[in-house]
Amino acid sequence: MGSSPPKGGAIAVGLCGAAGRMGREIFRAAALSNDIVIAKAYEAPQHPSLGAQIGAAVIQPDDAPDFLEGCRVLVDFSSPPEALMPHLQRAAEKKLAAIVGSTGISAEIRGQMERLASQIPLLYSANMSLGISLLTILARRVQELLPGAFDVDVVEMHHRTKRDAPSGTALMIAQQLQQVTPDQNIHQHSIRAGDVIGEHTVFFTGVGERLELTHRAASREAFAQGTLAAVRFIANQKPGFYDMSKVLGI
């Protein structure tokens, strides 16, 4: 089972993790766009959503023989992230661009993605929000300007069912700050409560003063819109390993 071919030159996307929270949000956002269509939708074999229709796509197992046939970009929000590499390897065989938004990526998997990016354009971000990308860039700039006497803390808050802690986004921010001052300890704190979509604050605390940079996601639509922006960007790139700062042109 598949779907109708995209119309009007729209970018055809194969979406893995289609039945998850982010997958459903991406479907809604793409349906309202004029230039992106979810042509194929995938979940793991035996997933209860297999066979369900979302928009013009029917959810298929990710081991289907025609995996990504007719697609231009793979968008992958698979959970657990160990499912990523078989998807990316098949995308590389077909010379398709790829976007990975899964969290909990290990250093080993990241290394494999970086090597695969020599063959295809591949964008990875633990958070697809454009606002989070700006927060990370601004925090890094603050870290460059402030003296080392300021303590640095990254605090993140998510819904009580989120599995990983710290969040992939908090780790990403901390890693960026650590690159500026490798000898400084970047403290990380996690809160799991209620139905919070996602909040991240970077505290720069000195003697008698404190600077705070905060991003709050009111809904997952922010992540879906960022994903669509990433699709538009990556579809026209050469092989390489990209992040959301490139989508913003920074």
# chains A, B, ... in the order shown; residues from 1 in each chain; ligands from 1

call {"tool": "select_by_dssp", "arguments": {"residues": "stretch 11-227 of chain A", "states": "alpha helix (DSSP H)", "output": "compact mmCIF listing (two decimals) with C-alpha atoms, in the first residue's frame"}}
result
# COMPACT_ATOMS: atom_id res chain seq x y z
CA ARG A 21 3.33 12.67 18.67
CA MET A 22 5.72 14.42 16.31
CA GLY A 23 4.70 12.31 13.33
CA ARG A 24 1.06 13.30 13.70
CA GLU A 25 2.00 16.96 14.10
CA ILE A 26 4.14 16.87 10.97
CA PHE A 27 1.21 15.39 9.03
CA ARG A 28 -1.00 18.29 10.11
CA ALA A 29 1.60 20.90 9.22
CA ALA A 30 2.37 19.35 5.83
CA ALA A 31 -1.34 19.18 4.98
CA LEU A 84 17.56 4.96 12.61
CA MET A 85 20.59 3.51 10.89
CA PRO A 86 18.79 0.92 8.73
CA HIS A 87 16.49 3.72 7.54
CA LEU A 88 19.39 6.06 6.80
CA GLN A 89 21.37 3.37 5.02
CA ARG A 90 18.45 2.67 2.71
CA ALA A 91 18.04 6.41 2.11
CA ALA A 92 21.74 6.57 1.18
CA GLU A 93 21.30 3.69 -1.26
CA ALA A 107 27.66 9.08 20.40
CA GLU A 108 28.07 5.89 18.37
CA ILE A 109 24.93 6.51 16.30
CA ARG A 110 25.89 10.16 15.81
CA GLY A 111 29.28 9.06 14.53
CA GLN A 112 27.63 6.68 12.07
CA MET A 113 25.36 9.49 10.86
CA GLU A 114 28.33 11.80 10.34
CA ARG A 115 30.06 9.17 8.24
CA LEU A 116 26.91 8.55 6.19
CA LEU A 130 13.75 27.46 15.03
CA GLY A 131 13.46 29.31 18.35
CA ILE A 132 15.61 26.72 20.14
CA SER A 133 18.23 27.09 17.44
CA LEU A 134 18.34 30.83 18.10
CA LEU A 135 18.48 30.24 21.86
CA THR A 136 21.50 27.98 21.39
CA ILE A 137 23.27 30.52 19.19
CA LEU A 138 22.54 33.36 21.61
CA ALA A 139 23.66 31.33 24.63
CA ARG A 140 26.90 30.48 22.92
CA ARG A 141 27.51 34.16 22.14
CA VAL A 142 26.82 35.11 25.76
CA GLN A 143 29.25 32.43 26.89
CA GLU A 144 31.90 33.93 24.63
CA LEU A 145 31.38 37.43 26.05
CA GLY A 168 18.51 15.91 23.93
CA THR A 169 18.03 19.64 23.55
CA ALA A 170 19.63 20.40 26.91
CA LEU A 171 22.58 18.19 25.99
CA MET A 172 22.89 19.98 22.65
CA ILE A 173 22.93 23.41 24.34
CA ALA A 174 25.44 22.26 26.95
CA GLN A 175 27.72 20.77 24.30
CA GLN A 176 27.70 24.03 22.36
CA LEU A 177 28.60 26.00 25.49
CA GLN A 178 31.29 23.50 26.44
CA GLN A 179 32.98 24.12 23.10
CA VAL A 180 33.41 27.78 24.08
CA GLU A 221 3.53 22.81 16.08
CA ALA A 222 6.76 24.75 16.62
CA PHE A 223 8.76 21.56 16.06
CA ALA A 224 6.66 20.59 13.03
CA GLN A 225 7.11 23.98 11.36
CA GLY A 226 10.84 23.78 11.98
CA THR A 227 10.85 20.31 10.42

call {"tool": "residues_around", "arguments": {"residues": "A:Asp164", "least_positions_apart": "5", "cutoff": "10 Å", "atoms": "only C-alpha atoms", "output": "PDB file with N, CA and C atoms, in the first residue's frame"}}
result
ATOM      1  N   THR A 103      15.366  11.770  19.598  1.00  0.00           N
ATOM      2  CA  THR A 103      16.180  12.119  20.759  1.00  0.00           C
ATOM      3  C   THR A 103      16.812  10.855  21.342  1.00  0.00           C
ATOM      4  N   GLY A 104      17.743  11.049  22.275  1.00  0.00           N
ATOM      5  CA  GLY A 104      18.425   9.925  22.879  1.00  0.00           C
ATOM      6  C   GLY A 104      19.465   9.296  21.970  1.00  0.00           C
ATOM      7  N   HIS A 158       9.999  19.064  31.034  1.00  0.00           N
ATOM      8  CA  HIS A 158       9.150  18.373  30.066  1.00  0.00           C
ATOM      9  C   HIS A 158       8.054  17.595  30.788  1.00  0.00           C
ATOM     10  N   SER A 190      17.035  18.675  35.247  1.00  0.00           N
ATOM     11  CA  SER A 190      15.834  18.208  34.550  1.00  0.00           C
ATOM     12  C   SER A 190      14.637  18.176  35.488  1.00  0.00           C
ATOM     13  N   ARG A 192      10.541  16.784  35.373  1.00  0.00           N
ATOM     14  CA  ARG A 192       9.508  16.034  34.658  1.00  0.00           C
ATOM     15  C   ARG A 192       8.201  16.220  35.411  1.00  0.00           C
TER      16      ARG A 192
END

call {"tool": "closest_atom_pairs", "arguments": {"of": "stretch 127-231 of chain A", "to": "stretch 68-83 of chain A", "cutoff": "10 Å", "atoms": "only C-alpha atoms", "output": "tab-separated table"}}
result
residue	atom	partner	partner_atom	distance
A:Thr227	CA	A:Val75	CA	8.3
A:Leu228	CA	A:Val75	CA	9.6
A:Ala230	CA	A:Val75	CA	9.6
A:Val231	CA	A:Val73	CA	7.1

call {"tool": "write_last_selection", "arguments": {"atoms": "C-alpha atoms", "output": "compact mmCIF listing (two decimals), in the first residue's frame"}}
result
# COMPACT_ATOMS: atom_id res chain seq x y z
CA THR A 227 10.85 20.31 10.42
CA LEU A 228 9.15 21.62 7.28
CA ALA A 230 14.44 21.80 7.36
CA VAL A 231 12.83 19.74 4.56

call {"tool": "atom_distance", "arguments": {"atom1": "atom CA of A:Gly20", "atom2": "atom CA of A:Ile105"}}
result
17.2 Å

call {"tool": "residues_around", "arguments": {"residues": "A:Val202", "least_positions_apart": "3", "cutoff": "7 Å", "atoms": "only C-alpha atoms", "output": "number ranges by chain"}}
result
A: 153-155, 212-214

call {"tool": "closest_residue", "arguments": {"among": "A:Asp243, A:Asp195, A:Glu156, A:Asp151", "to": "A:Val207", "atoms": "only C-alpha atoms"}}
result
A:Asp151

call {"tool": "select_by_dssp", "arguments": {"residues": "stretch 99-239 of chain A", "states": "strand (DSSP E or B)", "output": "PyMOL selection string"}}
result
chain A and resi 99-100+121-124+151-158+186-192+198-205+210-217

call {"tool": "decode", "arguments": {"residues": "stretch 107-141 of chain A", "atoms": "N, CA and C atoms", "output": "mmCIF file, in the first residue's frame"}}
result
data_model
loop_
_atom_site.group_PDB
_atom_site.id
_atom_site.type_symbol
_atom_site.label_atom_id
_atom_site.label_comp_id
_atom_site.auth_asym_id
_atom_site.auth_seq_id
_atom_site.Cartn_x
_atom_site.Cartn_y
_atom_site.Cartn_z
ATOM 1 N N ALA A 107 26.481 8.588 21.123
ATOM 2 C CA ALA A 107 27.658 9.080 20.402
ATOM 3 C C ALA A 107 28.009 8.140 19.245
ATOM 4 N N GLU A 108 27.773 6.856 19.429
ATOM 5 C CA GLU A 108 28.068 5.894 18.366
ATOM 6 C C GLU A 108 27.168 6.116 17.157
ATOM 7 N N ILE A 109 25.865 6.288 17.400
ATOM 8 C CA ILE A 109 24.932 6.511 16.295
ATOM 9 C C ILE A 109 25.230 7.841 15.613
ATOM 10 N N ARG A 110 25.538 8.869 16.406
ATOM 11 C CA ARG A 110 25.885 10.160 15.808
ATOM 12 C C ARG A 110 27.106 10.015 14.898
ATOM 13 N N GLY A 111 28.095 9.273 15.347
ATOM 14 C CA GLY A 111 29.280 9.056 14.525
ATOM 15 C C GLY A 111 28.945 8.354 13.220
ATOM 16 N N GLN A 112 28.054 7.383 13.279
ATOM 17 C CA GLN A 112 27.627 6.684 12.071
ATOM 18 C C GLN A 112 26.891 7.629 11.125
ATOM 19 N N MET A 113 26.066 8.516 11.692
ATOM 20 C CA MET A 113 25.360 9.493 10.861
ATOM 21 C C MET A 113 26.338 10.440 10.178
ATOM 22 N N GLU A 114 27.339 10.895 10.923
ATOM 23 C CA GLU A 114 28.327 11.805 10.343
ATOM 24 C C GLU A 114 29.067 11.143 9.181
ATOM 25 N N ARG A 115 29.380 9.870 9.330
ATOM 26 C CA ARG A 115 30.059 9.169 8.235
ATOM 27 C C ARG A 115 29.132 9.012 7.036
ATOM 28 N N LEU A 116 27.865 8.723 7.283
ATOM 29 C CA LEU A 116 26.906 8.554 6.193
ATOM 30 C C LEU A 116 26.671 9.874 5.463
ATOM 31 N N ALA A 117 26.874 10.991 6.153
ATOM 32 C CA ALA A 117 26.661 12.308 5.551
ATOM 33 C C ALA A 117 27.679 12.625 4.456
ATOM 34 N N SER A 118 28.690 11.790 4.300
ATOM 35 C CA SER A 118 29.599 11.971 3.168
ATOM 36 C C SER A 118 28.952 11.514 1.862
ATOM 37 N N GLN A 119 27.837 10.778 2.000
ATOM 38 C CA GLN A 119 27.143 10.257 0.815
ATOM 39 C C GLN A 119 25.872 11.030 0.492
ATOM 40 N N ILE A 120 25.186 11.529 1.532
ATOM 41 C CA ILE A 120 23.905 12.219 1.324
ATOM 42 C C ILE A 120 23.844 13.460 2.217
ATOM 43 N N PRO A 121 23.018 14.441 1.863
ATOM 44 C CA PRO A 121 22.778 15.550 2.791
ATOM 45 C C PRO A 121 21.954 15.054 3.975
ATOM 46 N N LEU A 122 22.461 15.253 5.197
ATOM 47 C CA LEU A 122 21.811 14.724 6.399
ATOM 48 C C LEU A 122 21.784 15.815 7.460
ATOM 49 N N LEU A 123 20.608 16.124 7.945
ATOM 50 C CA LEU A 123 20.442 17.131 8.990
ATOM 51 C C LEU A 123 19.971 16.444 10.260
ATOM 52 N N TYR A 124 20.680 16.731 11.350
ATOM 53 C CA TYR A 124 20.285 16.187 12.644
ATOM 54 C C TYR A 124 20.116 17.307 13.660
ATOM 55 N N SER A 125 19.011 17.245 14.390
ATOM 56 C CA SER A 125 18.808 18.162 15.504
ATOM 57 C C SER A 125 17.942 17.463 16.544
ATOM 58 N N ALA A 126 18.334 17.584 17.813
ATOM 59 C CA ALA A 126 17.530 17.025 18.895
ATOM 60 C C ALA A 126 16.275 17.843 19.132
ATOM 61 N N ASN A 127 16.215 19.029 18.539
ATOM 62 C CA ASN A 127 15.036 19.893 18.661
ATOM 63 C C ASN A 127 14.896 20.660 17.362
ATOM 64 N N MET A 128 13.766 20.488 16.688
ATOM 65 C CA MET A 128 13.584 21.082 15.367
ATOM 66 C C MET A 128 13.043 22.511 15.421
ATOM 67 N N SER A 129 12.816 23.034 16.598
ATOM 68 C CA SER A 129 12.294 24.396 16.729
ATOM 69 C C SER A 129 13.316 25.422 16.255
ATOM 70 N N LEU A 130 12.867 26.384 15.457
ATOM 71 C CA LEU A 130 13.747 27.465 15.028
ATOM 72 C C LEU A 130 14.130 28.343 16.216
ATOM 73 N N GLY A 131 13.189 28.499 17.162
ATOM 74 C CA GLY A 131 13.463 29.305 18.349
ATOM 75 C C GLY A 131 14.554 28.709 19.210
ATOM 76 N N ILE A 132 14.558 27.387 19.362
ATOM 77 C CA ILE A 132 15.605 26.724 20.138
ATOM 78 C C ILE A 132 16.964 26.909 19.467
ATOM 79 N N SER A 133 16.975 26.873 18.148
ATOM 80 C CA SER A 133 18.233 27.090 17.437
ATOM 81 C C SER A 133 18.782 28.473 17.741
ATOM 82 N N LEU A 134 17.909 29.474 17.763
ATOM 83 C CA LEU A 134 18.345 30.826 18.101
ATOM 84 C C LEU A 134 18.803 30.916 19.553
ATOM 85 N N LEU A 135 18.068 30.252 20.456
ATOM 86 C CA LEU A 135 18.479 30.236 21.860
ATOM 87 C C LEU A 135 19.896 29.682 21.999
ATOM 88 N N THR A 136 20.178 28.595 21.309
ATOM 89 C CA THR A 136 21.499 27.979 21.392
ATOM 90 C C THR A 136 22.583 28.913 20.882
ATOM 91 N N ILE A 137 22.300 29.572 19.775
ATOM 92 C CA ILE A 137 23.271 30.516 19.194
ATOM 93 C C ILE A 137 23.502 31.697 20.127
ATOM 94 N N LEU A 138 22.415 32.234 20.692
ATOM 95 C CA LEU A 138 22.541 33.365 21.612
ATOM 96 C C LEU A 138 23.286 32.977 22.880
ATOM 97 N N ALA A 139 22.982 31.785 23.412
ATOM 98 C CA ALA A 139 23.657 31.329 24.626
ATOM 99 C C ALA A 139 25.151 31.158 24.378
ATOM 100 N N ARG A 140 25.481 30.648 23.243
ATOM 101 C CA ARG A 140 26.901 30.483 22.918
ATOM 102 C C ARG A 140 27.594 31.843 22.828
ATOM 103 N N ARG A 141 26.919 32.825 22.241
ATOM 104 C CA ARG A 141 27.509 34.158 22.137
ATOM 105 C C ARG A 141 27.690 34.785 23.520
#
